[in-house]
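Quick look at target-v2.txt (compact mmCIF, C-alpha atoms and all ligand atoms):
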```
# COMPACT_ATOMS: atom_id res chain seq x y z
CA MET H 75 19.01 -14.05 -11.01
CA LEU H 76 18.45 -11.39 -13.63
CA ALA H 77 18.70 -14.01 -16.33
CA ILE H 78 15.98 -16.03 -14.64
CA PHE H 79 13.67 -13.04 -14.39
CA SER H 80 14.16 -12.00 -17.98
CA LEU H 81 13.51 -15.58 -19.02
CA ILE H 82 10.20 -15.41 -17.16
CA ALA H 83 9.37 -12.15 -18.90
CA ILE H 84 10.27 -13.44 -22.34
CA ALA H 85 8.73 -16.86 -22.16
CA PRO H 86 6.04 -17.08 -19.50
CA SER H 87 4.54 -20.06 -21.30
CA ALA H 88 7.59 -22.12 -20.38
CA PHE H 89 6.61 -21.74 -16.74
CA ALA H 90 2.91 -22.22 -17.29
CA ASP H 91 2.93 -25.81 -16.06
CA HIS H 92 3.69 -24.69 -12.51
CA THR H 93 0.89 -25.68 -10.22
CA SER H 94 2.30 -23.60 -7.39
CA VAL H 95 4.32 -20.40 -7.58
CA THR H 96 5.80 -18.42 -4.72
CA VAL H 97 5.96 -14.64 -4.74
CA THR H 98 7.84 -12.71 -2.07
CA ASN H 99 7.46 -9.13 -0.89
CA ALA H 100 10.49 -7.04 -1.80
CA PRO H 101 12.35 -6.07 1.38
CA GLY H 102 11.70 -2.41 2.19
CA SER H 103 8.65 -2.23 -0.06
CA SER H 104 6.68 -0.31 2.59
CA VAL H 105 8.61 2.71 1.31
CA PRO H 106 8.20 3.72 -2.35
CA GLY H 107 11.08 2.85 -4.65
CA CYS H 108 10.66 -0.88 -5.30
CA GLU H 109 8.22 -0.08 -8.12
CA GLU H 110 11.09 1.50 -10.01
CA THR H 111 13.38 -1.51 -9.71
CA ALA H 112 13.56 -4.27 -12.31
CA ASP H 113 12.22 -6.83 -9.83
CA GLY H 114 9.28 -4.75 -8.62
CA CYS H 115 7.62 -4.81 -5.20
CA PHE H 116 6.32 -8.35 -5.52
CA ILE H 117 9.05 -10.73 -6.71
CA PRO H 118 8.39 -11.75 -9.37
CA SER H 119 5.71 -9.18 -10.06
CA MET H 120 4.24 -11.28 -12.85
CA VAL H 121 3.62 -15.01 -12.53
CA THR H 122 1.93 -17.48 -14.85
CA ILE H 123 0.07 -20.56 -13.69
CA ASP H 124 -2.46 -23.02 -15.07
CA ILE H 125 -6.07 -23.17 -14.01
CA GLY H 126 -6.24 -24.75 -10.58
CA GLY H 127 -2.75 -23.52 -9.76
CA GLU H 128 -1.88 -21.79 -6.55
CA VAL H 129 0.11 -18.66 -5.85
CA ILE H 130 1.72 -18.35 -2.45
CA TRP H 131 2.78 -14.91 -1.27
CA GLU H 132 5.44 -15.01 1.41
CA ASN H 133 5.96 -11.80 3.31
CA ASN H 134 9.71 -11.74 3.94
CA ASP H 135 9.61 -7.99 4.55
CA THR H 136 9.60 -6.38 7.99
CA ALA H 137 6.27 -4.59 7.40
CA ALA H 138 2.74 -5.98 7.05
CA HIS H 139 1.28 -6.03 3.54
CA THR H 140 -1.92 -7.05 1.80
CA ILE H 141 -2.40 -8.96 -1.44
CA THR H 142 -5.62 -7.57 -2.85
CA SER H 143 -6.98 -8.26 -6.32
CA GLY H 144 -7.63 -5.13 -8.34
CA THR H 145 -5.66 -1.95 -8.87
CA PRO H 146 -5.02 1.12 -6.72
CA THR H 147 -6.90 3.33 -9.15
CA GLU H 148 -9.96 1.11 -9.52
CA GLY H 149 -9.93 -0.41 -6.06
CA PRO H 150 -10.31 -4.03 -4.96
CA SER H 151 -11.95 -6.32 -7.53
CA GLY H 152 -13.11 -8.83 -4.95
CA VAL H 153 -11.44 -11.91 -6.48
CA PHE H 154 -9.08 -12.34 -3.53
CA ASP H 155 -7.92 -10.34 -0.55
CA SER H 156 -5.40 -11.50 2.01
CA SER H 157 -6.18 -8.67 4.45
CA LEU H 158 -3.07 -7.78 6.44
CA VAL H 159 -0.26 -10.37 6.16
CA MET H 160 2.22 -9.89 8.98
CA ALA H 161 5.98 -10.04 8.47
CA GLY H 162 7.00 -13.70 8.26
CA SER H 163 3.50 -14.88 7.32
CA SER H 164 2.10 -15.92 3.98
CA PHE H 165 -1.11 -16.00 1.99
CA SER H 166 -2.16 -18.25 -0.87
CA HIS H 167 -4.93 -18.31 -3.42
CA GLU H 168 -6.02 -20.99 -5.89
CA PHE H 169 -7.05 -19.71 -9.30
CA GLU H 170 -10.01 -21.57 -10.77
CA ASP H 171 -10.58 -19.29 -13.76
CA ALA H 172 -8.34 -18.30 -16.65
CA GLY H 173 -7.51 -14.63 -16.99
CA THR H 174 -5.21 -11.84 -15.97
CA PHE H 175 -5.48 -10.82 -12.34
CA ASP H 176 -3.88 -7.60 -11.23
CA TYR H 177 -3.31 -7.17 -7.54
CA PHE H 178 -1.81 -4.59 -5.19
CA CYS H 179 -1.09 -3.85 -1.56
CA MET H 180 -3.81 -1.74 0.07
CA VAL H 181 -1.33 -0.31 2.55
CA HIS H 182 1.34 0.55 -0.01
CA PRO H 183 -0.47 1.06 -3.30
CA TRP H 184 2.75 1.41 -5.30
CA MET H 185 3.13 -2.36 -4.78
CA GLN H 186 1.50 -4.07 -7.73
CA GLY H 187 1.65 -7.45 -9.40
CA THR H 188 -0.12 -9.64 -11.91
CA VAL H 189 -1.13 -13.31 -11.99
CA MET H 190 -1.78 -14.81 -15.41
CA VAL H 191 -3.90 -17.94 -15.31
CA SER H 192 -3.82 -19.85 -18.57
CA ALA H 193 -6.20 -22.52 -19.84
CA GLU H 194 -3.40 -24.87 -20.90
CA GLU H 195 -5.27 -27.43 -22.99
CA GLU H 196 -6.41 -25.01 -25.70
CA HIS H 197 -3.04 -23.46 -26.45
CA SER H 198 -0.79 -24.48 -29.31
CA ASP H 199 2.84 -23.50 -28.82
CA GLU H 200 2.60 -20.72 -31.38
CA HIS H 201 -0.41 -19.28 -29.70
CA ALA H 202 1.30 -19.42 -26.31
CA ASP H 203 4.31 -17.55 -27.68
CA MET H 204 2.18 -14.77 -29.02
CA GLU H 205 0.34 -14.53 -25.75
CA GLY H 206 3.69 -14.37 -24.04
CA MET H 207 4.65 -11.30 -26.03
CA GLY H 208 1.37 -9.69 -25.12
CA ASP H 209 2.07 -10.36 -21.46
CA GLU H 210 5.45 -8.78 -21.74
CA MET H 211 4.05 -5.62 -23.25
CA GLU H 212 1.39 -5.45 -20.62
CA GLY H 213 4.07 -5.85 -17.99
CA MET H 214 5.95 -2.88 -19.42
CA LYS H 215 2.80 -0.78 -19.39
CA HIS H 216 2.32 -1.66 -15.74
CA SER H 217 5.79 -0.55 -14.76
CA ASP H 218 5.18 2.79 -16.43
CA GLU H 219 2.07 3.20 -14.35
CA HIS H 220 4.06 2.40 -11.22
CA ALA H 221 6.54 5.17 -11.92
CA ALA H 222 3.77 7.75 -11.92
CA LYS H 223 2.63 6.90 -8.40
CA GLY H 224 4.68 8.28 -5.53
CA ILE H 225 2.12 8.45 -2.76
CA GLU H 226 3.32 7.34 0.61
CA ASP H 227 1.88 6.03 3.76
CA LEU H 228 2.81 8.28 6.68
CA SER H 229 3.50 5.43 9.12
CA ASP H 230 7.26 5.82 8.87
CA GLN H 231 7.04 9.50 9.79
CA PHE H 232 5.99 8.79 13.36
CA THR H 233 7.24 6.82 16.31
CA THR H 234 4.38 4.66 17.47
CA THR H 235 3.77 1.83 19.89
CA LEU H 236 0.48 0.16 20.57
CA THR H 237 -0.58 -2.52 22.99
CA SER H 238 -3.32 -4.13 20.87
CA GLY H 239 -3.50 -4.61 17.10
CA VAL H 240 -1.24 -3.01 14.51
CA ILE H 241 -1.28 0.22 12.55
CA HIS H 242 -2.72 -0.51 9.13
CA HIS H 243 -1.74 2.87 7.84
CA ILE H 244 -1.57 6.53 8.71
CA GLY H 245 -3.07 9.06 6.36
CA GLY H 246 -3.34 12.80 6.47
CA ASN H 247 -6.36 14.92 5.63
CA THR H 248 -5.29 18.46 4.95
CA ASP H 249 -8.83 19.82 4.69
CA ASP H 250 -9.60 19.32 8.36
CA ALA H 251 -5.96 19.11 9.58
CA THR H 252 -6.41 15.52 10.68
CA LEU H 253 -4.11 12.55 10.90
CA LEU H 254 -5.98 9.30 10.45
CA VAL H 255 -4.48 6.28 12.17
CA HIS H 256 -6.13 3.13 10.86
CA LEU H 257 -5.87 0.19 13.24
CA PHE H 258 -6.15 -3.44 12.34
CA GLY H 259 -6.80 -6.38 14.64
CA ALA H 260 -7.28 -4.43 17.87
CA ASP H 261 -9.00 -7.34 19.60
CA ASP H 262 -8.41 -5.98 23.10
CA ASP H 263 -8.53 -2.58 24.71
CA GLY H 264 -5.24 -0.87 24.10
CA GLU H 265 -3.20 2.27 24.14
CA LEU H 266 -1.54 4.02 21.24
CA LYS H 267 1.55 6.02 22.02
CA ILE H 268 2.43 8.25 19.11
CA THR H 269 5.10 10.89 18.88
CA LEU H 270 3.94 13.44 16.36
CA ASN H 271 6.29 14.84 13.80
CA SER H 272 5.87 18.61 13.90
CA ASP H 273 6.90 18.79 10.25
CA ILE H 274 3.65 17.07 9.41
CA ILE H 275 1.05 18.08 12.02
CA THR H 276 0.97 21.38 13.88
CA PRO H 277 -0.92 21.58 17.21
CA PHE H 278 -3.39 24.31 18.14
CA ASP H 279 -1.95 27.55 19.52
CA ASP H 280 -1.90 26.21 23.09
CA GLY H 281 0.16 23.19 21.96
CA SER H 282 -2.73 20.77 22.25
CA TYR H 283 -4.44 18.39 19.85
CA PHE H 284 -7.91 16.98 19.67
CA VAL H 285 -8.46 13.22 19.43
CA LEU H 286 -11.35 11.10 18.19
CA VAL H 287 -11.51 7.32 18.44
CA ASP H 288 -13.98 5.87 15.95
CA SER H 289 -15.44 9.39 15.63
CA GLU H 290 -16.02 9.82 19.39
CA GLU H 291 -14.11 12.55 21.21
CA THR H 292 -11.62 10.96 23.57
CA GLU H 293 -9.59 12.05 26.57
CA PHE H 294 -5.88 11.43 26.22
CA GLU H 295 -2.58 12.26 27.84
CA GLN H 296 -0.12 14.51 26.14
CA MET H 297 3.53 14.97 27.02
CA GLY H 298 5.22 17.33 24.61
CA ASN H 299 4.58 15.91 21.18
CA THR H 300 3.80 12.44 22.49
CA LEU H 301 0.18 11.41 22.88
CA HIS H 302 -1.10 8.44 24.87
CA ILE H 303 -4.48 7.52 23.45
CA GLU H 304 -6.58 4.74 24.90
CA TYR H 305 -8.95 2.81 22.68
CA SER H 306 -11.43 -0.01 23.18
CA ALA H 307 -11.40 -3.44 21.60
CA GLY H 308 -12.52 -3.25 17.99
CA ALA H 309 -11.36 0.33 17.43
CA GLU H 310 -10.46 0.97 13.81
CA LYS H 311 -9.81 4.66 13.43
CA ILE H 312 -8.05 7.22 15.58
CA GLU H 313 -8.14 10.81 14.36
CA ILE H 314 -5.70 13.36 15.67
CA VAL H 315 -6.76 16.90 14.86
CA GLY H 316 -4.36 19.83 14.92
CA SER H 317 -4.36 23.26 13.39
CA HIS H 318 -2.48 22.25 10.28
CA VAL H 319 -1.38 19.11 8.47
CA VAL H 320 1.39 19.49 5.93
CA PRO H 321 -0.22 18.83 2.59
CA GLU H 322 2.79 17.43 0.76
CA PHE H 323 2.54 14.30 2.85
CA GLY H 324 -1.23 14.03 2.59
CA THR H 325 -2.19 10.53 1.59
CA ILE H 326 -5.73 11.66 1.23
CA ALA H 327 -6.93 8.25 0.10
CA MET H 328 -5.30 5.47 -1.84
CA ILE H 329 -8.18 5.35 -4.25
CA VAL H 330 -7.82 8.99 -5.30
CA LEU H 331 -4.15 8.75 -6.22
CA ALA H 332 -4.56 10.87 -9.30
CA VAL H 333 -6.23 13.64 -7.32
CA ALA H 334 -3.44 13.49 -4.77
CA ILE H 335 -0.75 13.82 -7.43
CA VAL H 336 -2.51 16.81 -8.96
CA SER H 337 -2.84 18.53 -5.58
CA ILE H 338 0.84 17.96 -4.81
CA ILE H 339 1.73 19.62 -8.09
CA VAL H 340 -0.61 22.53 -7.36
CA LEU H 341 0.76 22.93 -3.84
CA THR H 342 4.33 22.84 -5.07
CA THR H 343 3.51 25.59 -7.53
CA LYS H 344 1.83 27.63 -4.79
CA THR H 345 4.77 27.15 -2.44
CA ARG H 346 7.14 28.44 -5.09
CA ALA H 347 4.90 31.40 -5.78
CA THR H 348 4.89 32.45 -2.12
CA LEU H 349 8.62 31.91 -1.78
CA ILE H 350 9.59 34.24 -4.56
CA PRO H 351 8.47 37.52 -2.85
CA LYS H 352 10.31 36.54 0.35
CA LEU H 353 13.54 36.10 -1.54
CU CU V 401 2.43 -3.32 1.46
```

Can you dump the structure from the file as structure tokens?
Amino acid sequence: MLAIFSLIAIAPSAFADHTSVTVTNAPGSSVPGCEETADGCFIPSMVTIDIGGEVIWENNDTAAHTITSGTPTEGPSGVFDSSLVMAGSSFSHEFEDAGTFDYFCMVHPWMQGTVMVSAEEEHSDEHADMEGMGDEMEGMKHSDEHAAKGIEDLSDQFTTTLTSGVIHHIGGNTDDATLLVHLFGADDDGELKITLNSDIITPFDDGSYFVLVDSEETEFEQMGNTLHIEYSAGAEKIEIVGSHVVPEFGTIAMIVLAVAIVSIIVLTTKTRATLIPKL
């Protein structure tokens, strides 16, 4: 397998006559780590096709993912967007223009890949080889970028069930001590049952929380740390407000990754500073 992948990396032009290429989601890629492996989070993370070729993304993972053109730092480019692809489903896109197309997963922005679309008729072999080397270097640059990004979605920190739609992702906003639960595909009225992790969100002094569904205050049932929140068809955002949200986990927004990394560093420094006097 490794030999095959390195062959792809060394000589992408040899594979350029593929009219259809399949990319799979790395199992477990909803948790950071795959970006540091040789295979990446999309396998293979770089594919080469001719104009008119098709790339098929098969989601063999257990979590839902998106395939969105663009980069996490610059946002979606608008060339293609699968929206959420459920486990076991797939998405495909035909590329009509030559070029290099970066893409990523909106839910798990450490997942990144590249599609190279070559205009085959204009390339001599020599030219194709040189382009291949350029691709390889660009690929290496990309993996360095991956290593710098360790932001996580909070979804795996909570036990959740919902009767309509799926959780797109859970983010934390430390400024107003809010957990943001983004829903996708809630076509019917439903109920979200979420058991809050007290390491991440702290309730108000009386043990209660405050809940907004699509920015409207909502009544809900609370049993211990478990909330039952009803929402109407079409709901997209449930906010759970407490007195404190642990900042280290704060996925403030995927687009402001750099800001998030800086604030984590600052917070870590602050935490150390306050720990020293206690010791
Ligand atoms: Cu994903």

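For the set H:Asp176, H:Glu148, H:Glu304, H:Asp155, the residue with the smallest atom-to-atom gap to H:Met120 is H:Asp176, counting only C-alpha atoms.
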
Within 7 Å of H:Ala251, counting only C-alpha atoms, which residues qualify if same-chain residues fewer than 5 places away don't, as a list in words?
Val315, Gly316, Ser317, His318 and Val319 of chain H

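Between atom CA of H:Ala100 and atom CA of H:Ile117 there is a distance of 6.3 Å.
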
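Residues in contact with ligand CU 401 (chain V) (atom pairs separated by at most 9 Å; all atoms listed in the file) are Asn99, Ser103, Ser104, Val105, Cys115, Ala137, Ala138, His139, Thr140, Ile141, Leu158, Val159, Phe178, Cys179, Met180, Val181, His182, Pro183, Trp184 and Met185 of chain H.
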
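Between atom CA of H:Lys311 and atom CA of H:Glu291 the interatomic distance comes to 11.9 Å.
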
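You can rank H:Ile244, H:Leu228, H:Val129, H:Leu236 by their closest distance to H:Gly187 using only C-alpha atoms, and at the top of that list sits H:Val129.
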
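Atom CA of H:Val189 lies 25.6 Å from atom CA of H:His243.
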
Option closest in space to H:Ser164, from H:Ile268, H:Val97, H:Val121, H:Cys108 [counting only C-alpha atoms]
H:Val97

Applying 9 Å and only C-alpha atoms, which residues near H:Ser289 remain after dropping the ones on its own chain fewer than 4 positions away? List them as a count of residues only.
4

So, with only C-alpha atoms as the atoms that count, which of H:Asp250, H:Asp262, H:Glu170, H:Asp230 lies closest to H:Tyr305?
H:Asp262

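The residue that comes closest to H:Thr96, out of H:Thr111, H:Asn134, H:Thr248, H:Ser306 and on the basis of only C-alpha atoms, is H:Asn134.
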
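Residue nearest H:Thr235, chosen from H:Thr122, H:Ser192, H:Ser157, H:Thr300 and counting all atoms listed in the file: H:Thr300.
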